Every structure is written in structure tokens, then in C-alpha cells.
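Asker: So that we are looking at the same thing, I have put the structure below in C-alpha cells.
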Amino acid sequence: MGDINETNFLDLFAGTGNIGIEAISRGCSSVYFVESSSIHCNIIKENLILTGFEKKGKVIRKMVKKGLFKVFKENGFHFDIIFADPPYEVGIVQKILDTIDFDILADGGIYVLQHSIRENAGNKAKKEVRIGDTLLSFYGRKDL
């Protein structure tokens with residue numbers, strides 16, 4: 001993940017929280033986990049306790065949609081890294097790009113979208129990395 005010391009990380013579609021917890025273990029100062037499933041939110045909370053990272057992680061049970069970002073924006077939150085791993089091949093990759101309010105991405109911050117190679121995420125990514133059938137698309141604030 002490179003140098004992420006003292007960064008603020010937003011983990012969208014967090015699932016069990018493994019990406020965000022890994023980010024904390026590598027030095028992130030805070031991670032906000034956004035997940036709509038109550039079962040997964042409880043798993044994230046348990047994993048934060050098991051790893052001793054409960055003070056650095058905040059779990060938010062919400063759908064990823066416009067209203068979610070309003071709260072961050074109104075409270076002056078800026079994230080150095082936004083990571084999104086939406087469900088594969090259900091037709092929401094472009095919708096997610098259109099939904100996220102990139103004003104919450106810090107200057108110099110990076111947005112990473114993990115998706116199937118069979119899904120179109122536009123052509124604005126400044127970098128793409130293919131891992132099997134998965135594509136990581138990297139965007140900066142100016143790319144969006």
C-alpha cells in the first residue's frame with residue numbers, strides 16, 4: 001500500500017473490513033468503514049477489537065449514496081485515500097463513480113476502485129492494475 005502513515009482512509013463497501021484494518025496496521029491514523037449489512041458491520045467491529053484498532057476505526061452502517069457524503073462534507077472531513085469495492089458485475093461501477101462526492105478527497109489524495117475487468121469504469125483512471133479478473137482503477141481528484 002505504500003506510505004500511508006498518518007492518513008485518513010474511507011473504506012466503502014467494507015465487507016469484513018480487511019482492507020481498512022490492513023490500512024490501520026500500516027499506519028493510517030483513522031479509517032471509516034461504510035457497509036450496509038448489519039452482520040458485516042458487527043464483524044468489522046469484532047475484528048477491530050481483536051486487532052486492538054477499535055480507537056482508529058469507525059463503522060458506519062449506511063448505503064453508499066449521495067447523502068452519506070454530505071455528513072463528511074459538512075463536518076470538514078477529507079480523506080487521503082478512498083477505497084471502494086462494490087459488488088461485481090451488477091451494473092453499479094459507473095454509478096459509484098457518479099455518486100461519490102470527490103470534494104471529500106484531500107488534495108493529493110487517491111481514489112481506488114476495485115472492480116471486475118468486465119465492468120467499465122470509464123477511461124479517466126490515471127493508473128490501472130489487473131489482478132486476474134479484478135481491476136484496480138486509481139484516480140486523483142483532478143481525474144474525476
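Every chain in the C-alpha cells takes a letter, A first, then B, and so on in the order presented; its residues are numbered from 1, and the ligands are numbered from 1 following the presented order.
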Within 7 Å of segment 11-26 of chain A, counting only C-alpha atoms, which residues qualify if same-chain residues fewer than 2 places away don't, as a list of chain:residue names?

Answerer: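 Neighbouring residues, sequence-local ones excluded: A:Ile4, A:Asn5, A:Phe9, A:Cys28, A:Ser29, A:Ser30, A:Val31, A:Tyr32, A:Phe33, A:Val34, A:Glu35, A:His40, A:Ile43, A:Ile44, A:Ile82, A:Phe83, A:Ala84, A:Asp85, A:Pro86.
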
Asker: Do you have the atom CA of Gln94 of chain A-atom CA of Ala125 of chain A distance handy?

Answerer: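 Atom CA of Gln94 of chain A sits 12.4 Å away from atom CA of Ala125 of chain A.
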
Asker: Closest to Val93 of chain A among A:Lys70, A:Asn120, A:Phe77, A:Asp107, using only C-alpha atoms?

Answerer: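 Using only C-alpha atoms, Val93 of chain A sits closest to A:Asn120.
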
Asker: With a distance cut-off of 10 Å and only C-alpha atoms, select the neighbouring residues of segment 126-129 of chain A, excluding the residue or stretch itself and same-chain residues fewer than 2 positions from it, and output the selection as a list in words.

Answerer: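 Counting only C-alpha atoms, the residues come to Val112, Leu113, Gln114, Asn123, Lys124, Ile131, Gly132, Thr134, Leu135, Leu136, Ser137, Phe138, Tyr139, Gly140, Lys142 and Asp143 of chain A.
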
Asker: What does the file look like for those residues with N, CA and C atoms, as a short mmCIF file (atom, residue, chain, number, x, y, z; two decimals), in the first residue's frame?

Answerer:
```cif
data_model
loop_
_atom_site.label_atom_id
_atom_site.label_comp_id
_atom_site.auth_asym_id
_atom_site.auth_seq_id
_atom_site.Cartn_x
_atom_site.Cartn_y
_atom_site.Cartn_z
N VAL A 112 -9.39 4.69 -5.12
CA VAL A 112 -9.14 3.38 -5.70
C VAL A 112 -10.47 2.65 -5.83
N LEU A 113 -10.76 2.24 -7.04
CA LEU A 113 -11.99 1.49 -7.31
C LEU A 113 -11.60 0.08 -7.73
N GLN A 114 -12.04 -0.90 -6.95
CA GLN A 114 -11.78 -2.30 -7.28
C GLN A 114 -13.02 -2.85 -7.98
N ASN A 123 -12.62 5.98 -18.71
CA ASN A 123 -11.22 5.98 -19.13
C ASN A 123 -10.41 7.09 -18.47
N LYS A 124 -10.87 7.56 -17.34
CA LYS A 124 -10.19 8.67 -16.67
C LYS A 124 -9.18 8.22 -15.62
N ILE A 131 -5.36 -7.75 -11.66
CA ILE A 131 -5.00 -8.91 -10.84
C ILE A 131 -6.03 -9.98 -11.16
N GLY A 132 -5.69 -10.90 -12.06
CA GLY A 132 -6.65 -11.91 -12.50
C GLY A 132 -7.84 -11.25 -13.18
N THR A 134 -9.75 -9.11 -11.69
CA THR A 134 -10.00 -7.88 -10.94
C THR A 134 -9.15 -6.75 -11.49
N LEU A 135 -9.73 -5.57 -11.50
CA LEU A 135 -9.01 -4.38 -11.94
C LEU A 135 -9.07 -3.35 -10.82
N LEU A 136 -7.92 -2.80 -10.49
CA LEU A 136 -7.85 -1.67 -9.57
C LEU A 136 -7.64 -0.43 -10.41
N SER A 137 -8.61 0.50 -10.36
CA SER A 137 -8.53 1.75 -11.11
C SER A 137 -8.21 2.86 -10.11
N PHE A 138 -7.14 3.62 -10.40
CA PHE A 138 -6.67 4.67 -9.49
C PHE A 138 -6.98 6.03 -10.10
N TYR A 139 -7.56 6.90 -9.27
CA TYR A 139 -7.93 8.25 -9.71
C TYR A 139 -7.39 9.27 -8.70
N GLY A 140 -7.01 10.41 -9.21
CA GLY A 140 -6.72 11.55 -8.36
C GLY A 140 -7.89 12.51 -8.45
N LYS A 142 -8.15 15.43 -9.62
CA LYS A 142 -8.24 16.13 -10.90
C LYS A 142 -8.72 15.22 -12.03
N ASP A 143 -8.67 13.91 -11.82
CA ASP A 143 -9.09 12.98 -12.87
C ASP A 143 -10.60 12.81 -12.92
#
```

Asker: Just checking: using only C-alpha atoms, which residue out of A:Asp101, A:Gly67, A:Pro87, A:Ile96 ends up closest to His115 of chain A?

Answerer: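 Using only C-alpha atoms, His115 of chain A sits closest to A:Pro87.
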
Asker: So which bits of segment 9-39 of chain A end up strand (DSSP E or B) when you DSSP the backbone, as a PyMOL selection string?

Answerer: chain A and resi 9-12+30-35

Asker: As an MDAnalysis selection string, list the residues of segment 15-144 of chain A assigned to alpha helix (DSSP H) by DSSP on the backbone atoms of this structure.

Answerer: chainID A and resid 18:25 38:51 66:74 93:99

Asker: Can you pull out every residue within 8 Å of His78 of chain A, counting only C-alpha atoms, but drop anything in the same chain fewer than 3 positions away, and send it as a PDB file with C-alpha atoms, in the first residue's frame?

Answerer:
```pdb
ATOM      1  CA  ASN A   8      -7.342   9.212   6.750  1.00  0.00           C
ATOM      2  CA  PHE A  72     -18.482  14.104   5.846  1.00  0.00           C
ATOM      3  CA  LYS A  73     -18.516  17.322   3.823  1.00  0.00           C
ATOM      4  CA  ASP A 103     -14.832  17.126  -2.554  1.00  0.00           C
ATOM      5  CA  ILE A 104     -14.090  14.904   0.452  1.00  0.00           C
ATOM      6  CA  LEU A 105     -10.916  13.645  -1.247  1.00  0.00           C
ATOM      7  CA  ALA A 106      -7.955  15.589   0.102  1.00  0.00           C
TER       8      ALA A 106
END
```

Asker: Out of A:Val90, A:Ile39, A:Val71, A:Ile100, which residue has the shortest atom-to-atom distance to Ser116 of chain A when counting only C-alpha atoms?

Answerer: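 Closest to Ser116 of chain A, using only C-alpha atoms: A:Val90.
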